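> File data.pdb follows (PDB, C-alpha atoms):
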ATOM      1  CA  MET W   1     132.035  78.141 136.942
ATOM      2  CA  THR W   2     131.955  79.152 133.272
ATOM      3  CA  GLU W   3     130.910  77.728 129.923
ATOM      4  CA  ALA W   4     134.467  76.469 129.555
ATOM      5  CA  SER W   5     134.160  74.308 132.663
ATOM      6  CA  HIS W   6     130.456  73.545 132.138
ATOM      7  CA  PRO W   7     129.973  73.259 128.368
ATOM      8  CA  ILE W   8     126.622  73.787 126.702
ATOM      9  CA  VAL W   9     125.326  70.915 124.572
ATOM     10  CA  TRP W  10     123.122  72.227 121.740
ATOM     11  CA  LEU W  11     120.170  70.640 119.983
ATOM     12  CA  HIS W  12     119.020  72.312 116.743
ATOM     13  CA  HIS W  13     115.704  71.238 115.232
ATOM     14  CA  ALA W  14     112.582  72.748 113.674
ATOM     15  CA  GLY W  15     113.986  76.293 113.732
ATOM     16  CA  GLN W  16     114.735  75.998 117.442
ATOM     17  CA  HIS W  17     117.909  75.900 119.485
ATOM     18  CA  LEU W  18     118.043  74.227 122.892
ATOM     19  CA  GLY W  19     121.187  74.373 125.025
ATOM     20  CA  LEU W  20     121.629  72.086 128.036
ATOM     21  CA  VAL W  21     124.291  72.114 130.744
ATOM     22  CA  PRO W  22     124.270  68.598 132.242
ATOM     23  CA  SER W  23     127.199  69.252 134.583
ATOM     24  CA  LEU W  24     125.495  72.320 136.081
ATOM     25  CA  GLY W  25     122.451  70.865 137.783
ATOM     26  CA  GLY W  26     120.992  69.373 134.611
ATOM     27  CA  SER W  27     119.973  72.914 133.703
ATOM     28  CA  VAL W  28     118.894  74.600 130.488
ATOM     29  CA  ALA W  29     121.222  77.319 129.205
ATOM     30  CA  ALA W  30     118.902  78.629 126.474
ATOM     31  CA  TRP W  31     115.825  77.884 124.425
ATOM     32  CA  GLN W  32     115.609  80.026 121.272
ATOM     33  CA  ILE W  33     113.792  80.218 117.951
ATOM     34  CA  ASP W  34     114.844  81.714 114.662
ATOM     35  CA  ASP W  35     113.354  85.175 114.223
ATOM     36  CA  PRO W  36     110.453  84.640 111.792
ATOM     37  CA  HIS W  37     110.875  88.211 110.501
ATOM     38  CA  ASP W  38     114.570  87.747 109.660
ATOM     39  CA  SER W  39     115.068  86.530 106.072
ATOM     40  CA  GLN W  40     118.849  86.039 106.292
ATOM     41  CA  ASP W  41     120.383  82.623 105.723
ATOM     42  CA  THR W  42     121.347  82.647 109.386
ATOM     43  CA  PRO W  43     118.485  84.504 111.085
ATOM     44  CA  ALA W  44     118.767  86.169 114.457
ATOM     45  CA  ARG W  45     117.457  84.223 117.429
ATOM     46  CA  ILE W  46     114.720  85.116 119.878
ATOM     47  CA  ASP W  47     114.989  83.891 123.461
ATOM     48  CA  LEU W  48     111.897  82.126 124.800
ATOM     49  CA  TRP W  49     113.602  81.493 128.144
ATOM     50  CA  ARG W  50     116.053  84.031 129.547
ATOM     51  CA  PRO W  51     119.507  82.667 128.564
ATOM     52  CA  TRP W  52     122.410  81.861 130.851
ATOM     53  CA  ASP W  53     125.306  84.243 130.264
ATOM     54  CA  GLY W  54     127.780  81.356 130.253
ATOM     55  CA  ASN W  55     129.655  82.781 133.209
ATOM     56  CA  THR W  56     127.679  83.473 136.395
ATOM     57  CA  PRO W  57     127.887  80.803 139.105
ATOM     58  CA  ASP W  58     124.350  81.544 140.364
ATOM     59  CA  LEU W  59     122.176  78.613 139.297
ATOM     60  CA  TYR W  60     119.158  80.916 139.483
ATOM     61  CA  GLN W  61     120.584  82.578 136.381
ATOM     62  CA  MET W  62     120.089  79.499 134.222
ATOM     63  CA  ALA W  63     117.275  79.535 131.671
ATOM     64  CA  SER W  64     115.473  76.732 133.507
ATOM     65  CA  PHE W  65     116.054  73.785 135.813
ATOM     66  CA  ALA W  66     114.068  70.842 137.149
ATOM     67  CA  MET W  67     112.914  70.752 140.771
ATOM     68  CA  VAL W  68     113.226  67.221 142.133
ATOM     69  CA  PRO W  69     112.431  65.449 144.422
ATOM     70  CA  TRP W  70     110.345  68.363 145.681
ATOM     71  CA  SER W  71     109.596  71.916 144.586
ATOM     72  CA  ASN W  72     109.907  75.160 146.519
ATOM     73  CA  ARG W  73     110.421  75.383 150.288
ATOM     74  CA  ILE W  74     110.175  72.937 153.197
ATOM     75  CA  SER W  75     109.850  74.511 156.641
ATOM     76  CA  GLY W  76     110.375  73.071 160.106
ATOM     77  CA  GLY W  77     113.890  71.796 159.528
ATOM     78  CA  GLY W  78     112.521  68.802 157.623
ATOM     79  CA  PHE W  79     109.347  66.733 157.498
ATOM     80  CA  GLU W  80     107.677  63.762 159.147
ATOM     81  CA  HIS W  81     106.501  60.699 157.276
ATOM     82  CA  ALA W  82     105.166  57.417 158.665
ATOM     83  CA  GLY W  83     106.121  58.465 162.173
ATOM     84  CA  GLN W  84     109.720  59.318 161.342
ATOM     85  CA  PHE W  85     111.176  62.818 161.175
ATOM     86  CA  HIS W  86     113.538  63.452 158.268
ATOM     87  CA  PRO W  87     115.823  66.453 158.855
ATOM     88  CA  MET W  88     116.655  68.712 155.910
ATOM     89  CA  GLN W  89     119.316  71.406 155.591
ATOM     90  CA  PRO W  90     119.045  74.780 153.789
ATOM     91  CA  ASN W  91     120.679  74.493 150.363
ATOM     92  CA  ARG W  92     120.932  78.036 148.999
ATOM     93  CA  ALA W  93     122.727  81.079 150.410
ATOM     94  CA  GLY W  94     120.251  83.515 151.932
ATOM     95  CA  GLU W  95     117.453  80.944 152.117
ATOM     96  CA  PRO W  96     116.464  79.706 155.596
ATOM     97  CA  TYR W  97     114.743  76.636 154.138
ATOM     98  CA  PRO W  98     115.723  73.828 151.780
ATOM     99  CA  ILE W  99     114.354  74.845 148.387
ATOM    100  CA  HIS W 100     113.647  73.281 144.973
ATOM    101  CA  GLY W 101     114.959  69.821 145.776
ATOM    102  CA  ASP W 102     118.532  68.721 145.256
ATOM    103  CA  GLY W 103     118.626  67.669 141.595
ATOM    104  CA  TRP W 104     119.548  71.183 140.501
ATOM    105  CA  LEU W 105     122.652  71.007 142.709
ATOM    106  CA  GLN W 106     124.122  67.852 141.135
ATOM    107  CA  PRO W 107     125.631  66.956 137.740
ATOM    108  CA  TRP W 108     123.501  64.898 135.333
ATOM    109  CA  GLN W 109     124.440  62.478 132.562
ATOM    110  CA  LEU W 110     123.510  63.340 128.968
ATOM    111  CA  SER W 111     122.376  61.111 126.115
ATOM    112  CA  GLN W 112     120.713  61.675 122.738
ATOM    113  CA  PRO W 113     118.321  58.855 121.779
ATOM    114  CA  ALA W 114     117.003  60.644 118.666
ATOM    115  CA  PRO W 115     117.990  63.593 116.431
ATOM    116  CA  ASP W 116     115.289  65.791 117.980
ATOM    117  CA  THR W 117     115.735  64.655 121.584
ATOM    118  CA  LEU W 118     118.136  65.115 124.485
ATOM    119  CA  VAL W 119     117.896  63.207 127.774
ATOM    120  CA  MET W 120     119.563  63.923 131.109
ATOM    121  CA  THR W 121     119.684  61.361 133.922
ATOM    122  CA  LEU W 122     120.516  61.683 137.612
ATOM    123  CA  ARG W 123     121.078  58.987 140.222
ATOM    124  CA  SER W 124     120.925  60.651 143.639
ATOM    125  CA  THR W 125     121.619  58.896 146.933
ATOM    126  CA  CYS W 126     120.867  60.934 150.062
ATOM    127  CA  PHE W 127     122.558  64.056 148.686
ATOM    128  CA  ASP W 128     123.729  66.438 151.442
ATOM    129  CA  GLY W 129     122.103  64.213 154.070
ATOM    130  CA  ASN W 130     118.641  64.312 152.484
ATOM    131  CA  PRO W 131     116.522  61.170 152.929
ATOM    132  CA  TYR W 132     115.863  60.798 149.200
ATOM    133  CA  ASP W 133     117.316  57.898 147.226
ATOM    134  CA  TYR W 134     116.031  58.248 143.657
ATOM    135  CA  GLU W 135     116.738  58.494 139.980
ATOM    136  CA  SER W 136     115.348  61.170 137.704
ATOM    137  CA  VAL W 137     115.158  61.487 133.931
ATOM    138  CA  GLN W 138     114.593  64.743 132.041
ATOM    139  CA  THR W 139     113.561  64.444 128.403
ATOM    140  CA  PHE W 140     113.562  67.401 125.986
ATOM    141  CA  ARG W 141     112.096  66.856 122.517
ATOM    142  CA  LEU W 142     111.937  69.664 119.956
ATOM    143  CA  VAL W 143     108.861  69.405 117.737
ATOM    144  CA  ASP W 144     107.411  71.656 115.074
ATOM    145  CA  GLY W 145     106.359  74.766 116.962
ATOM    146  CA  GLY W 146     107.698  73.921 120.375
ATOM    147  CA  LEU W 147     109.204  71.757 123.059
ATOM    148  CA  ASP W 148     107.941  68.687 124.916
ATOM    149  CA  GLN W 149     109.487  68.550 128.386
ATOM    150  CA  ASP W 150     109.176  65.536 130.720
ATOM    151  CA  VAL W 151     110.566  65.010 134.217
ATOM    152  CA  VAL W 152     110.258  61.538 135.761
ATOM    153  CA  VAL W 153     111.331  60.567 139.286
ATOM    154  CA  ARG W 154     111.632  56.978 140.525
ATOM    155  CA  HIS W 155     112.086  56.130 144.207
ATOM    156  CA  ARG W 156     114.951  53.734 144.972
ATOM    157  CA  GLY W 157     114.948  53.823 148.768
ATOM    158  CA  ALA W 158     113.662  50.977 150.927
ATOM    159  CA  GLN W 159     111.101  53.113 152.797
ATOM    160  CA  PRO W 160     108.335  55.045 150.965
ATOM    161  CA  LEU W 161     108.673  58.837 150.855
ATOM    162  CA  PRO W 162     106.548  61.758 149.527
ATOM    163  CA  TYR W 163     107.693  63.275 146.236
ATOM    164  CA  GLY W 164     106.959  66.400 144.208
ATOM    165  CA  ILE W 165     108.223  67.774 140.900
ATOM    166  CA  GLY W 166     108.436  71.164 139.245
ATOM    167  CA  VAL W 167     110.153  73.024 136.425
ATOM    168  CA  HIS W 168     111.590  76.508 136.876
ATOM    169  CA  PRO W 169     111.850  78.431 133.575
ATOM    170  CA  TRP W 170     112.654  82.134 133.475
ATOM    171  CA  PHE W 171     110.907  84.193 130.799
ATOM    172  CA  PRO W 172     112.220  87.474 129.374
ATOM    173  CA  ARG W 173     109.817  90.331 129.941
ATOM    174  CA  THR W 174     109.220  93.228 127.618
ATOM    175  CA  PRO W 175     107.206  96.222 128.864
ATOM    176  CA  ALA W 176     103.935  94.702 127.604
ATOM    177  CA  THR W 177     104.536  91.064 128.564
ATOM    178  CA  ARG W 178     101.517  89.361 130.165
ATOM    179  CA  ILE W 179     100.787  85.954 131.676
ATOM    180  CA  THR W 180      97.329  84.370 131.543
ATOM    181  CA  ALA W 181      96.255  81.108 133.189
ATOM    182  CA  PRO W 182      93.023  79.660 134.629
ATOM    183  CA  VAL W 183      93.445  79.479 138.408
ATOM    184  CA  GLN W 184      90.997  79.256 141.312
ATOM    185  CA  ALA W 185      92.902  80.602 144.329
ATOM    186  CA  VAL W 186      96.266  81.734 145.637
ATOM    187  CA  TRP W 187      98.290  81.189 148.799
ATOM    188  CA  LEU W 188      99.231  84.495 150.442
ATOM    189  CA  CYS W 189     102.255  84.931 152.694
ATOM    190  CA  GLY W 190     103.842  87.489 154.979
ATOM    191  CA  ASP W 191     107.451  88.629 155.004
ATOM    192  CA  ASP W 192     108.354  84.975 155.286
ATOM    193  CA  PRO W 193     107.602  83.415 151.878
ATOM    194  CA  LEU W 194     105.803  80.433 153.436
ATOM    195  CA  PRO W 195     102.031  80.341 152.752
ATOM    196  CA  THR W 196      99.728  81.653 155.472
ATOM    197  CA  GLU W 197      96.292  82.162 153.869
ATOM    198  CA  HIS W 198      94.491  80.448 150.991
ATOM    199  CA  THR W 199      92.052  82.786 149.235
ATOM    200  CA  THR W 200      90.004  83.180 146.082
ATOM    201  CA  GLN W 201      90.315  86.977 146.439
ATOM    202  CA  PHE W 202      93.318  87.867 144.322
ATOM    203  CA  PRO W 203      95.305  90.985 145.253
ATOM    204  CA  PRO W 204      95.238  93.701 142.566
ATOM    205  CA  GLY W 205      97.300  92.669 139.564
ATOM    206  CA  TRP W 206      97.545  89.013 140.654
ATOM    207  CA  ASP W 207      94.544  87.462 138.896
ATOM    208  CA  LEU W 208      95.957  85.285 136.141
ATOM    209  CA  ASN W 209      92.481  84.437 134.849
ATOM    210  CA  HIS W 210      92.201  87.829 133.178
ATOM    211  CA  GLY W 211      95.879  88.208 132.426
ATOM    212  CA  ALA W 212      98.489  89.778 134.679
ATOM    213  CA  SER W 213     101.363  92.033 133.740
ATOM    214  CA  ALA W 214     104.838  90.558 134.036
ATOM    215  CA  HIS W 215     105.736  93.793 135.847
ATOM    216  CA  GLY W 216     104.529  95.039 139.199
ATOM    217  CA  ASP W 217     104.876  94.344 142.897
ATOM    218  CA  LEU W 218     106.489  91.143 144.104
ATOM    219  CA  ILE W 219     104.678  87.869 143.542
ATOM    220  CA  ASP W 220     106.368  84.755 144.927
ATOM    221  CA  ASN W 221     103.262  82.692 145.493
ATOM    222  CA  GLY W 222     101.630  79.429 144.567
ATOM    223  CA  TYR W 223      98.260  79.199 142.826
ATOM    224  CA  THR W 224      95.820  76.321 143.251
ATOM    225  CA  GLY W 225      93.184  74.956 140.924
ATOM    226  CA  TRP W 226      95.331  75.700 137.907
ATOM    227  CA  GLY W 227      93.634  74.434 134.767
ATOM    228  CA  GLY W 228      96.891  73.133 133.321
ATOM    229  CA  THR W 229      97.274  75.704 130.535
ATOM    230  CA  ALA W 230      98.987  79.083 130.405
ATOM    231  CA  GLN W 231      99.892  81.740 127.867
ATOM    232  CA  ILE W 232     102.694  84.296 127.862
ATOM    233  CA  ASP W 233     102.328  87.176 125.416
ATOM    234  CA  TRP W 234     105.149  89.308 124.028
ATOM    235  CA  PRO W 235     103.233  91.940 121.984
ATOM    236  CA  GLU W 236     106.393  93.792 120.950
ATOM    237  CA  GLN W 237     107.636  90.650 119.230
ATOM    238  CA  GLY W 238     104.249  89.464 118.009
ATOM    239  CA  LEU W 239     104.749  86.128 119.786
ATOM    240  CA  LYS W 240     102.993  84.007 122.369
ATOM    241  CA  LEU W 241     104.144  80.930 124.249
ATOM    242  CA  THR W 242     101.571  78.470 125.553
ATOM    243  CA  ALA W 243     102.041  75.722 128.119
ATOM    244  CA  HIS W 244      99.885  72.653 128.515
ATOM    245  CA  MET W 245     100.383  70.295 131.443
ATOM    246  CA  PRO W 246      98.395  67.071 131.049
ATOM    247  CA  ASP W 247      96.886  65.689 134.236
ATOM    248  CA  PHE W 248      99.672  64.928 136.662
ATOM    249  CA  ASP W 249     100.087  61.178 136.961
ATOM    250  CA  LYS W 250      96.482  60.150 136.364
ATOM    251  CA  ASP W 251      97.326  56.556 137.199
ATOM    252  CA  GLY W 252      98.155  57.696 140.704
ATOM    253  CA  GLY W 253      94.797  59.384 141.107
ATOM    254  CA  ILE W 254      96.272  62.887 141.109
ATOM    255  CA  ASP W 255      94.646  65.374 138.767
ATOM    256  CA  GLN W 256      95.108  68.638 140.679
ATOM    257  CA  HIS W 257      97.349  71.218 139.083
ATOM    258  CA  TYR W 258      99.404  73.865 140.847
ATOM    259  CA  CYS W 259     101.592  76.642 139.523
ATOM    260  CA  LEU W 260     103.809  79.321 140.968
ATOM    261  CA  VAL W 261     104.564  82.835 139.766
ATOM    262  CA  TYR W 262     107.736  84.648 140.711
ATOM    263  CA  ARG W 263     107.513  88.280 139.602
ATOM    264  CA  PRO W 264     110.408  90.319 141.049
ATOM    265  CA  PRO W 265     109.915  94.101 141.070
ATOM    266  CA  GLN W 266     113.123  94.572 139.035
ATOM    267  CA  GLY W 267     115.105  92.607 136.513
ATOM    268  CA  PRO W 268     114.748  91.312 132.956
ATOM    269  CA  ALA W 269     112.800  88.120 133.682
ATOM    270  CA  PHE W 270     109.990  86.471 135.642
ATOM    271  CA  CYS W 271     108.956  82.877 136.315
ATOM    272  CA  PHE W 272     105.882  80.780 135.691
ATOM    273  CA  GLU W 273     106.477  77.366 137.241
ATOM    274  CA  PRO W 274     104.341  74.267 136.644
ATOM    275  CA  ILE W 275     104.530  72.283 139.902
ATOM    276  CA  THR W 276     102.805  69.243 141.382
ATOM    277  CA  GLN W 277     102.463  70.508 144.973
ATOM    278  CA  PRO W 278     101.828  73.719 146.920
ATOM    279  CA  ILE W 279     104.663  75.480 148.711
ATOM    280  CA  ASP W 280     105.502  73.633 151.956
ATOM    281  CA  ALA W 281     102.962  70.906 151.171
ATOM    282  CA  PHE W 282     104.955  68.664 153.540
ATOM    283  CA  HIS W 283     103.430  70.568 156.469
ATOM    284  CA  MET W 284      99.896  70.946 155.131
ATOM    285  CA  PRO W 285      97.059  68.621 156.143
ATOM    286  CA  GLY W 286      97.051  65.653 153.791
ATOM    287  CA  GLN W 287     100.266  66.815 152.091
ATOM    288  CA  PRO W 288      98.366  67.982 148.974
ATOM    289  CA  GLY W 289      99.937  67.196 145.622
ATOM    290  CA  LEU W 290     102.714  65.051 147.056
ATOM    291  CA  ARG W 291     102.901  61.465 145.837
ATOM    292  CA  VAL W 292     104.104  58.805 148.259
ATOM    293  CA  LEU W 293     106.316  56.421 146.289
ATOM    294  CA  ALA W 294     107.349  52.954 147.355
ATOM    295  CA  GLN W 295     110.589  51.450 146.107
ATOM    296  CA  GLY W 296     110.528  51.258 142.299
ATOM    297  CA  GLU W 297     107.469  53.497 141.894
ATOM    298  CA  ALA W 298     107.640  56.666 139.805
ATOM    299  CA  CYS W 299     105.775  59.889 139.115
ATOM    300  CA  ALA W 300     106.095  62.348 136.252
ATOM    301  CA  LEU W 301     105.474  65.936 135.210
ATOM    302  CA  ARG W 302     104.974  66.706 131.519
ATOM    303  CA  VAL W 303     104.705  70.123 129.896
ATOM    304  CA  GLN W 304     104.065  70.844 126.227
ATOM    305  CA  TRP W 305     105.391  74.290 125.273
ATOM    306  CA  ARG W 306     104.244  75.815 121.987
ATOM    307  CA  VAL W 307     105.258  79.111 120.383
ATOM    308  CA  SER W 308     103.246  80.893 117.700
ATOM    309  CA  ALA W 309     102.322  84.296 116.334
ATOM    310  CA  LEU W 310     100.281  86.548 118.580
ATOM    311  CA  VAL W 311      97.193  87.609 116.680
TER     312      VAL W 311
END
How does the structure come out when it is put into structure tokens?

Amino acid sequence: MTEASHPIVWLHHAGQHLGLVPSLGGSVAAWQIDDPHDSQDTPARIDLWRPWDGNTPDLYQMASFAMVPWSNRISGGGFEHAGQFHPMQPNRAGEPYPIHGDGWLQPWQLSQPAPDTLVMTLRSTCFDGNPYDYESVQTFRLVDGGLDQDVVVRHRGAQPLPYGIGVHPWFPRTPATRITAPVQAVWLCGDDPLPTEHTTQFPPGWDLNHGASAHGDLIDNGYTGWGGTAQIDWPEQGLKLTAHMPDFDKDGGIDQHYCLVYRPPQGPAFCFEPITQPIDAFHMPGQPGLRVLAQGEACALRVQWRVSALV
């Protein structure tokens, strides 16, 4: 599983460079900008998402991937909907639960409808025994100063099912990197990463409202009441990256935002994940954030990423 067998398709626009790998889970290989301090004809590039090395088979080493038709973990061996239990199998080595959907495990089809835009499409029919019959479209558009990223999922099955969406970018972390986002509460967990307690009392170093270091003890937790904006600062590079997630599917009456932070104690990167549902929402009362789609209905997640000087 190398770049030779899974080629990167590049989009260059507005001083940015976006590399996609459709055959490898519809993933992103890299998102880079030209170094604003480099005056050469071919300036050096700065990674905004941690780049794939072009070789490792671990899909968690991609720069980013979409999570469809659900995000994060589902416990209980599956979920119940409308009186029917739908069994689900674990889909990643070392994980006891199915995680991040199944779109990231399948090849996507690529098209380019405009010079600044790349689109990847997936038609999935009960992959690996899952109950989901759907199609998904990822759209990446490079604009001046950033990237517009859309993920749309449309249900094709005869019986309605609950859906969720997320995106899973990895951000490089320098010693001074910080993440700031307006949030109201966090789900805590034990040794098992499933949520056990919802609290407005953030553990030390976890409060995104005042900015949290990208380094520290493990965070692998979902936040609720996210205001839909976030900022990542790289002081050493004089750059910041902001994210804005417009209200999730207003037409469907859903305006609650969720996000997840994965901050491993070691390694060169961390994750800030815009998501439409809490972890294991399938087993929470009311299935918060999940959207039940009938045949032909769709839901979408949209994120506007913008990079600028840190002042």
> Just want the 10 Å neighbourhood of Pro36 of chain W, counted on all atoms listed in the file, with same-chain residues fewer than 4 positions away dropped. Output as a PyMOL selection string.
chain W and resi 15+43-46+237+239+309
> Out of W:Leu310, W:Ala30, W:Ile165, W:Ala63, which residue has the shortest atom-to-atom distance to Leu241 of chain W when counting all atoms listed in the file?
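So, comparing all the options, the nearest one is W:Leu310.
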> To one decimal in Å, tell me the separation between atom CA of Pro131 of chain W and atom CA of Gln287 of chain W.
17.2 Å
> So that I can check the surroundings of Cys259 of chain W, please list as a ChimeraX atom specification every protein, DNA and RNA residue that reaches within 6 Å of it, counting only C-alpha atoms and ignoring chain neighbours fewer than 6 positions away.
/W:222-223,273-275
> Store the residues of this selection in a file with C-alpha atoms, as an mmCIF file, in the frame of the given file.

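That gives us selection26.cif:
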data_model
loop_
_atom_site.group_PDB
_atom_site.id
_atom_site.type_symbol
_atom_site.label_atom_id
_atom_site.label_comp_id
_atom_site.auth_asym_id
_atom_site.auth_seq_id
_atom_site.Cartn_x
_atom_site.Cartn_y
_atom_site.Cartn_z
ATOM 1 C CA GLY W 222 101.630 79.429 144.567
ATOM 2 C CA TYR W 223 98.260 79.199 142.826
ATOM 3 C CA GLU W 273 106.477 77.366 137.241
ATOM 4 C CA PRO W 274 104.341 74.267 136.644
ATOM 5 C CA ILE W 275 104.530 72.283 139.902
#
> With 4 Å added on each side, what axis-aligned box encloses every listed atom of segment 160-168 of chain W? Give the centre and edge lengths in Å to one decimal, as AutoDock Vina command-line options.

--center_x 109.1 --center_y 65.8 --center_z 143.7 --size_x 13.0 --size_y 29.5 --size_z 22.5
> How many Å lie between atom CA of Gln84 of chain W and atom CA of Asp192 of chain W, rounded to one decimal?
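Value for the atom CA of Gln84 of chain W-atom CA of Asp192 of chain W distance: 26.4 Å.
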> With only C-alpha atoms as the atoms that count, which of W:Val68, W:Val9, W:Val261, W:Val183 lies nearest to Val119 of chain W?
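Ranked by minimum distance to Val119 of chain W, first place goes to W:Val9.
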> Between W:Gln295, W:Asn221, W:Gln304, W:Gln159, which has the minimum distance to Asn72 of chain W (counting all atoms listed in the file)?
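Once distances to Asn72 of chain W are computed over all atoms listed in the file, the minimum belongs to W:Asn221.
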> Separation of atom CA of Thr224 of chain W and atom CA of Phe272 of chain W, in Å?
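It comes out at 13.4 Å.
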> Extract, using all atoms listed in the file, all DNA, RNA and protein residues at most 10 Å from Phe282 of chain W, discarding same-chain residues fewer than 6 positions from it, and format them as a PyMOL selection string.
chain W and resi 70+73-76+78-81+162-164+288-290
> Could you write out the selected residues, including C-alpha atoms, as a PDB file, in the frame of the given file?

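Saved the output as part28.pdb:
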ATOM      1  CA  TRP W  70     110.345  68.363 145.681  1.00  0.00           C
ATOM      2  CA  ARG W  73     110.421  75.383 150.288  1.00  0.00           C
ATOM      3  CA  ILE W  74     110.175  72.937 153.197  1.00  0.00           C
ATOM      4  CA  SER W  75     109.850  74.511 156.641  1.00  0.00           C
ATOM      5  CA  GLY W  76     110.375  73.071 160.106  1.00  0.00           C
ATOM      6  CA  GLY W  78     112.521  68.802 157.623  1.00  0.00           C
ATOM      7  CA  PHE W  79     109.347  66.733 157.498  1.00  0.00           C
ATOM      8  CA  GLU W  80     107.677  63.762 159.147  1.00  0.00           C
ATOM      9  CA  HIS W  81     106.501  60.699 157.276  1.00  0.00           C
ATOM     10  CA  PRO W 162     106.548  61.758 149.527  1.00  0.00           C
ATOM     11  CA  TYR W 163     107.693  63.275 146.236  1.00  0.00           C
ATOM     12  CA  GLY W 164     106.959  66.400 144.208  1.00  0.00           C
ATOM     13  CA  PRO W 288      98.366  67.982 148.974  1.00  0.00           C
ATOM     14  CA  GLY W 289      99.937  67.196 145.622  1.00  0.00           C
ATOM     15  CA  LEU W 290     102.714  65.051 147.056  1.00  0.00           C
TER      16      LEU W 290
END
> My list of candidates is W:Leu11, W:Thr56, W:Ile279, W:Asp34. Which is closest to Thr196 of chain W when distances are computed with all atoms listed in the file?
W:Ile279
> Could you name the residues that touch Glu135 of chain W at 6 Å or less, counting all atoms listed in the file, but leaving out those on the same chain fewer than 4 positions away, as a list of chain:residue names?
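These residues fall inside the cut-off: W:Leu122, W:Arg123, W:Ser124, W:Val153, W:Arg154.
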> Could you list the residues chosen by the PyMOL selection byres ((chain W and resi 22) around 7) in this structure as a list of chain:residue names?
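For this structure, the PyMOL selection byres ((chain W and resi 22) around 7) resolves to W:Leu20, W:Val21, W:Ser23, W:Leu24, W:Gly25, W:Gly26, W:Ser27, W:Pro107, W:Trp108, W:Gln109, W:Leu110, W:Met120.
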> W:Asp220, W:His86, W:His12, W:Thr121: which is nearest Leu147 of chain W, counting only C-alpha atoms?
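Distance minimum relative to Leu147 of chain W lands on W:His12.
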> Of the candidates W:Gly238, W:Gln112, W:Val307, W:Asp217, which one gets nearest to Pro264 of chain W if we count all atoms listed in the file?
W:Asp217
> For segment 150-160 of chain W, supply N, CA, C and O atoms and format the output as a CSV table (one decimal), in the coordinates of the input.

chain,number,residue,atom,x,y,z
W,150,ASP,N,109.6,66.5,129.7
W,150,ASP,CA,109.2,65.5,130.7
W,150,ASP,C,110.2,65.4,131.8
W,150,ASP,O,111.4,65.5,131.6
W,151,VAL,N,109.7,65.3,133.1
W,151,VAL,CA,110.6,65.0,134.2
W,151,VAL,C,110.0,63.8,134.9
W,151,VAL,O,108.8,63.9,135.4
W,152,VAL,N,110.7,62.7,135.1
W,152,VAL,CA,110.3,61.5,135.8
W,152,VAL,C,111.2,61.3,137.0
W,152,VAL,O,112.4,61.4,136.9
W,153,VAL,N,110.6,60.9,138.1
W,153,VAL,CA,111.3,60.6,139.3
W,153,VAL,C,110.9,59.2,139.8
W,153,VAL,O,109.7,58.9,139.9
W,154,ARG,N,111.9,58.3,140.0
W,154,ARG,CA,111.6,57.0,140.5
W,154,ARG,C,112.3,56.8,141.9
W,154,ARG,O,113.5,57.0,142.0
W,155,HIS,N,111.6,56.3,142.9
W,155,HIS,CA,112.1,56.1,144.2
W,155,HIS,C,112.9,54.8,144.3
W,155,HIS,O,112.4,53.8,143.8
W,156,ARG,N,114.1,54.9,144.8
W,156,ARG,CA,115.0,53.7,145.0
W,156,ARG,C,115.2,53.3,146.4
W,156,ARG,O,115.8,52.3,146.7
W,157,GLY,N,114.7,54.1,147.4
W,157,GLY,CA,114.9,53.8,148.8
W,157,GLY,C,114.0,52.7,149.3
W,157,GLY,O,113.0,52.4,148.6
W,158,ALA,N,114.4,52.1,150.4
W,158,ALA,CA,113.7,51.0,150.9
W,158,ALA,C,112.3,51.4,151.5
W,158,ALA,O,111.3,50.7,151.4
W,159,GLN,N,112.3,52.6,152.1
W,159,GLN,CA,111.1,53.1,152.8
W,159,GLN,C,110.4,54.1,151.9
W,159,GLN,O,111.1,55.0,151.4
W,160,PRO,N,109.1,54.1,151.8
W,160,PRO,CA,108.3,55.0,151.0
W,160,PRO,C,108.5,56.5,151.5
W,160,PRO,O,108.7,56.7,152.7
